[in-house]
Structures are given as structure tokens and as C-alpha cells.
Amino acid sequence: MKKNILNKASEYALGLLQSGLPSYLHYHNLEHTMNVVDACSQLGYLENLSEEEQNILLAAAWFHDVGYVYDYRDHEGYSIRTARDFLKGMGLSPLEIKSVCLCIEATRMPQSPSNRIAMILCDADMWHLSSINFFCGLKQLRSEWEVALGIVFTDREWYGVNRDFLHEHTYFTAHAKDVWQQEKKKNIEELDRLVSYCCKK
């Protein structure tokens, strides 16, 4: 994928996200996508991706959540279709389009990356697990789920679900395993503390 195609892809995805995302998406919003793009840029450099691979990765990052414009539960499927249609119109080869779509599909939970580029996107999509702003994002996600999915948790349930998720989650790339995992452990410890506190109330 050439740089000019990536630029057009990012502009198109950005336009969709800015104009089409529902207002109740407090977590899966434009900021989240931009954070994932930034994390992909960082990891792609550290993983020594070629320019072609990096452009594939960044295109997938820009498109990976545009499906939320159309549907919440199957946003990955809509993201893939949107990316495929746009990139086909740009004249990309079937192999390049498949590479982008495989990356997006890999972010579907549970994550299932089959190559190095997809591993990077999966890790970037879970960068927030290691963030010092993790609990702010957790609050946003809780509010989003209540509206989008109609799921309401007690504090004990919410912290427990997320603690279990962080315990079970694993990063794929070397940098994420070495650096992000250590930061993630701090958030796990705080979740453990919160669960314990809620149990004593």
C-alpha cells in the first residue's frame, strides 16, 4: 500500500468516525482510534516493519472501529466491509485488502492474530490496559455498555469482570510483553484492591 492511499484511507475513516459515531460511545470514540493508531506507529517501528507493512497496519488501525458507526455487537464485521469496499475502490490488490481485513478480524474477542502485523494491532487495541488512565477508560466503558448493551453491573461485578479479563489477557509483541505488561500489573493490583474493598462493604 502506498503512502497516498494510506492518507486517503485515514481521511475517510476519520470522517466516518467524526460524523457517524453515536454520542453514547464514551470509550470507543475517535480518541480511542487515534490512540490505537499512535500505538501501532510505535510498535510497528519497534518491530521493524517495512514501509508496506506499516501502511497496512495503520490502515487497519484507522478502520478497525468504524463499524461502531453501523452496529455495536458486530462492529468488526462492519469495519471489515467498510475497509474492503473503500480499499477496493482505491485499486488495492486483493492481497493487500485481505491483509488489512485479517488485522481487523484479529481484534475480535478473543483476539486471534495470525501474523505479526495483526499481533501489533491487537496489542495496540489493548494498550489502554497498561495506561495510567486505565480507570478513566473503565468508567467510560461501563457507561457505554449500559446504554449500548443494556448491561448494568454492581461495583463488585464490574471490577471483578475487568480484573479477570486483565489476568487472562496476554500481549503478543516483545515490547508490549516487556514494558506494557509491567504497567498492566499495576492496574491489576488496583483492581484486586477494589474487588476486596467491595467485598467488605
# chains A, B, ... in the order shown; residues from 1 in each chain; ligands from 1

$ residues_around --residues "Thr154 in chain A" --least-positions-apart "5" --cutoff "12 Å" --atoms "only C-alpha atoms" --output "list in words"
Arg142, Glu146, Tyr159, Gly160, Val161, Val195, Cys198 and Cys199 of chain A

$ residues_around --residues "Ser114 in chain A" --least-positions-apart "2" --cutoff "12 Å" --atoms "only C-alpha atoms" --output "list in words"
Ser99, Cys101, Leu102, Cys103, Ile104, Glu105, Ala106, Thr107, Gln111, Ser112, Arg116, Ile117, Ala118, Met119, Ile120, Leu121, Cys122 and Phe172 of chain A

$ closest_residue --among "A:Leu191, A:Leu14, A:Trp145, A:Pro94" --to "Tyr72 in chain A" --atoms "only C-alpha atoms"
A:Trp145

$ closest_residue --among "A:Ser130, A:Asn35, A:Gln140, A:Ser19" --to "Leu166 in chain A" --atoms "only C-alpha atoms"
A:Ser130

$ atom_distance --atom1 "CA of Ile97 in chain A" --atom2 "CA of Ala60 in chain A"
9.6 Å

$ residues_around --residues "Phe134 in chain A" --least-positions-apart "5" --cutoff "12 Å" --atoms "only C-alpha atoms" --output "PyMOL selection string"
chain A and resi 27+126-129+139-141+162+166+183-188+190-191

$ atom_distance --atom1 "CA of Glu53 in chain A" --atom2 "CA of Asp125 in chain A"
17.4 Å

$ residues_around --residues "range 40-42 of chain A" --least-positions-apart "5" --cutoff "8 Å" --atoms "only C-alpha atoms" --output "PDB file with N, CA and C atoms, in the first residue's frame"
ATOM      1  N   GLN A  54       3.903  -1.370   7.463  1.00  0.00           N
ATOM      2  CA  GLN A  54       3.458  -0.290   8.341  1.00  0.00           C
ATOM      3  C   GLN A  54       2.202   0.384   7.786  1.00  0.00           C
ATOM      4  N   LEU A  57      -0.726  -1.875   8.383  1.00  0.00           N
ATOM      5  CA  LEU A  57      -1.071  -1.823   9.805  1.00  0.00           C
ATOM      6  C   LEU A  57      -1.863  -0.554  10.137  1.00  0.00           C
ATOM      7  N   LEU A  58      -1.397   0.585   9.678  1.00  0.00           N
ATOM      8  CA  LEU A  58      -2.044   1.845  10.016  1.00  0.00           C
ATOM      9  C   LEU A  58      -3.416   1.973   9.353  1.00  0.00           C
ATOM     10  N   ALA A  61      -5.642   0.012  11.506  1.00  0.00           N
ATOM     11  CA  ALA A  61      -5.890   0.738  12.755  1.00  0.00           C
ATOM     12  C   ALA A  61      -6.952   1.815  12.566  1.00  0.00           C
ATOM     13  N   ILE A 120       0.437  -6.764  16.263  1.00  0.00           N
ATOM     14  CA  ILE A 120       0.681  -5.375  16.654  1.00  0.00           C
ATOM     15  C   ILE A 120      -0.639  -4.639  16.836  1.00  0.00           C
ATOM     16  N   LEU A 121      -1.577  -4.816  15.898  1.00  0.00           N
ATOM     17  CA  LEU A 121      -2.864  -4.144  16.031  1.00  0.00           C
ATOM     18  C   LEU A 121      -3.601  -4.627  17.276  1.00  0.00           C
ATOM     19  N   ALA A 124      -1.981  -2.963  20.241  1.00  0.00           N
ATOM     20  CA  ALA A 124      -2.297  -1.535  20.262  1.00  0.00           C
ATOM     21  C   ALA A 124      -3.735  -1.299  20.724  1.00  0.00           C
TER      22      ALA A 124
END

$ closest_residue --among "A:Ile5, A:Leu149, A:Leu95, A:Leu194" --to "Phe135 in chain A" --atoms "only C-alpha atoms"
A:Leu194

$ residues_around --residues "His28 in chain A" --least-positions-apart "6" --cutoff "10 Å" --atoms "only C-alpha atoms" --output "PyMOL selection string"
chain A and resi 17+21-22+65-66+68+72+137+140-141+144

$ closest_residue --among "A:Ala39, A:Met90, A:Phe153, A:Arg108" --to "His75 in chain A" --atoms "only C-alpha atoms"
A:Arg108

$ decode --residues "range 133-146 of chain A" --atoms "all heavy atoms" --output "mmCIF file, in the first residue's frame"
data_model
loop_
_atom_site.group_PDB
_atom_site.id
_atom_site.type_symbol
_atom_site.label_atom_id
_atom_site.label_comp_id
_atom_site.auth_asym_id
_atom_site.auth_seq_id
_atom_site.Cartn_x
_atom_site.Cartn_y
_atom_site.Cartn_z
ATOM 1 N N ASN A 133 -4.245 6.028 32.720
ATOM 2 C CA ASN A 133 -5.631 6.487 32.631
ATOM 3 C C ASN A 133 -6.610 5.327 32.486
ATOM 4 O O ASN A 133 -7.762 5.529 32.079
ATOM 5 C CB ASN A 133 -5.785 7.445 31.443
ATOM 6 C CG ASN A 133 -4.981 8.717 31.613
ATOM 7 O OD1 ASN A 133 -4.928 9.288 32.701
ATOM 8 N ND2 ASN A 133 -4.325 9.144 30.552
ATOM 9 N N PHE A 134 -6.152 4.130 32.833
ATOM 10 C CA PHE A 134 -6.972 2.933 32.655
ATOM 11 C C PHE A 134 -8.329 3.062 33.337
ATOM 12 O O PHE A 134 -9.364 2.710 32.764
ATOM 13 C CB PHE A 134 -6.227 1.705 33.194
ATOM 14 C CG PHE A 134 -7.077 0.477 33.297
ATOM 15 C CD1 PHE A 134 -7.442 -0.224 32.160
ATOM 16 C CD2 PHE A 134 -7.512 0.007 34.539
ATOM 17 C CE1 PHE A 134 -8.240 -1.358 32.246
ATOM 18 C CE2 PHE A 134 -8.301 -1.122 34.632
ATOM 19 C CZ PHE A 134 -8.662 -1.813 33.490
ATOM 20 N N PHE A 135 -8.364 3.560 34.552
ATOM 21 C CA PHE A 135 -9.620 3.590 35.301
ATOM 22 C C PHE A 135 -10.580 4.656 34.786
ATOM 23 O O PHE A 135 -11.800 4.507 34.916
ATOM 24 C CB PHE A 135 -9.338 3.746 36.800
ATOM 25 C CG PHE A 135 -8.808 2.481 37.408
ATOM 26 C CD1 PHE A 135 -7.438 2.259 37.499
ATOM 27 C CD2 PHE A 135 -9.664 1.493 37.834
ATOM 28 C CE1 PHE A 135 -6.947 1.080 38.025
ATOM 29 C CE2 PHE A 135 -9.189 0.303 38.361
ATOM 30 C CZ PHE A 135 -7.827 0.098 38.456
ATOM 31 N N CYS A 136 -10.061 5.688 34.159
ATOM 32 C CA CYS A 136 -10.913 6.655 33.486
ATOM 33 C C CYS A 136 -11.603 5.990 32.294
ATOM 34 O O CYS A 136 -12.808 6.152 32.086
ATOM 35 C CB CYS A 136 -10.091 7.855 33.034
ATOM 36 S SG CYS A 136 -11.042 9.110 32.142
ATOM 37 N N GLY A 137 -10.827 5.220 31.532
ATOM 38 C CA GLY A 137 -11.388 4.487 30.404
ATOM 39 C C GLY A 137 -12.397 3.443 30.852
ATOM 40 O O GLY A 137 -13.408 3.202 30.184
ATOM 41 N N LEU A 138 -12.140 2.837 32.003
ATOM 42 C CA LEU A 138 -13.041 1.826 32.537
ATOM 43 C C LEU A 138 -14.403 2.438 32.871
ATOM 44 O O LEU A 138 -15.451 1.831 32.616
ATOM 45 C CB LEU A 138 -12.414 1.206 33.792
ATOM 46 C CG LEU A 138 -12.755 -0.256 34.108
ATOM 47 C CD1 LEU A 138 -12.365 -1.157 32.955
ATOM 48 C CD2 LEU A 138 -12.063 -0.682 35.388
ATOM 49 N N LYS A 139 -14.376 3.621 33.421
ATOM 50 C CA LYS A 139 -15.620 4.337 33.729
ATOM 51 C C LYS A 139 -16.387 4.652 32.448
ATOM 52 O O LYS A 139 -17.621 4.503 32.391
ATOM 53 C CB LYS A 139 -15.300 5.624 34.489
ATOM 54 C CG LYS A 139 -16.518 6.415 34.900
ATOM 55 C CD LYS A 139 -16.113 7.668 35.680
ATOM 56 C CE LYS A 139 -17.336 8.480 36.101
ATOM 57 N NZ LYS A 139 -16.946 9.708 36.850
ATOM 58 N N GLN A 140 -15.667 5.066 31.414
ATOM 59 C CA GLN A 140 -16.302 5.376 30.138
ATOM 60 C C GLN A 140 -16.917 4.129 29.507
ATOM 61 O O GLN A 140 -18.029 4.167 28.968
ATOM 62 C CB GLN A 140 -15.275 5.988 29.186
ATOM 63 C CG GLN A 140 -14.756 7.342 29.622
ATOM 64 C CD GLN A 140 -13.577 7.811 28.799
ATOM 65 O OE1 GLN A 140 -12.832 7.000 28.229
ATOM 66 N NE2 GLN A 140 -13.378 9.123 28.729
ATOM 67 N N LEU A 141 -16.190 3.008 29.585
ATOM 68 C CA LEU A 141 -16.684 1.765 29.001
ATOM 69 C C LEU A 141 -17.924 1.265 29.734
ATOM 70 O O LEU A 141 -18.867 0.763 29.118
ATOM 71 C CB LEU A 141 -15.587 0.693 29.040
ATOM 72 C CG LEU A 141 -15.921 -0.636 28.364
ATOM 73 C CD1 LEU A 141 -16.190 -0.429 26.877
ATOM 74 C CD2 LEU A 141 -14.795 -1.642 28.564
ATOM 75 N N ARG A 142 -17.934 1.400 31.045
ATOM 76 C CA ARG A 142 -19.093 0.975 31.842
ATOM 77 C C ARG A 142 -20.341 1.748 31.428
ATOM 78 O O ARG A 142 -21.417 1.156 31.230
ATOM 79 C CB ARG A 142 -18.796 1.188 33.324
ATOM 80 C CG ARG A 142 -19.877 0.663 34.257
ATOM 81 C CD ARG A 142 -19.453 0.877 35.704
ATOM 82 N NE ARG A 142 -20.398 0.301 36.634
ATOM 83 C CZ ARG A 142 -20.235 0.290 37.965
ATOM 84 N NH1 ARG A 142 -19.137 0.834 38.496
ATOM 85 N NH2 ARG A 142 -21.145 -0.254 38.753
ATOM 86 N N SER A 143 -20.195 3.057 31.277
ATOM 87 C CA SER A 143 -21.312 3.891 30.842
ATOM 88 C C SER A 143 -21.766 3.515 29.441
ATOM 89 O O SER A 143 -22.972 3.467 29.146
ATOM 90 C CB SER A 143 -20.890 5.359 30.887
ATOM 91 O OG SER A 143 -21.885 6.198 30.356
ATOM 92 N N GLU A 144 -20.810 3.230 28.576
ATOM 93 C CA GLU A 144 -21.117 2.848 27.188
ATOM 94 C C GLU A 144 -21.899 1.549 27.138
ATOM 95 O O GLU A 144 -22.892 1.424 26.402
ATOM 96 C CB GLU A 144 -19.813 2.726 26.409
ATOM 97 C CG GLU A 144 -19.973 2.379 24.942
ATOM 98 C CD GLU A 144 -18.636 2.365 24.221
ATOM 99 O OE1 GLU A 144 -17.963 3.411 24.218
ATOM 100 O OE2 GLU A 144 -18.258 1.308 23.683
ATOM 101 N N TRP A 145 -21.481 0.554 27.901
ATOM 102 C CA TRP A 145 -22.160 -0.743 27.914
ATOM 103 C C TRP A 145 -23.589 -0.631 28.438
ATOM 104 O O TRP A 145 -24.483 -1.333 27.981
ATOM 105 C CB TRP A 145 -21.365 -1.737 28.764
ATOM 106 C CG TRP A 145 -20.213 -2.348 28.030
ATOM 107 C CD1 TRP A 145 -19.651 -1.908 26.862
ATOM 108 C CD2 TRP A 145 -19.481 -3.514 28.408
ATOM 109 N NE1 TRP A 145 -18.587 -2.722 26.506
ATOM 110 C CE2 TRP A 145 -18.474 -3.705 27.429
ATOM 111 C CE3 TRP A 145 -19.556 -4.384 29.485
ATOM 112 C CZ2 TRP A 145 -17.567 -4.754 27.497
ATOM 113 C CZ3 TRP A 145 -18.652 -5.436 29.560
ATOM 114 C CH2 TRP A 145 -17.669 -5.621 28.569
ATOM 115 N N GLU A 146 -23.790 0.226 29.417
ATOM 116 C CA GLU A 146 -25.132 0.387 29.985
ATOM 117 C C GLU A 146 -26.119 0.862 28.918
ATOM 118 O O GLU A 146 -27.260 0.403 28.872
ATOM 119 C CB GLU A 146 -25.095 1.366 31.156
ATOM 120 C CG GLU A 146 -24.428 0.799 32.405
ATOM 121 C CD GLU A 146 -24.370 1.802 33.544
ATOM 122 O OE1 GLU A 146 -24.827 2.960 33.343
ATOM 123 O OE2 GLU A 146 -23.866 1.435 34.625
#
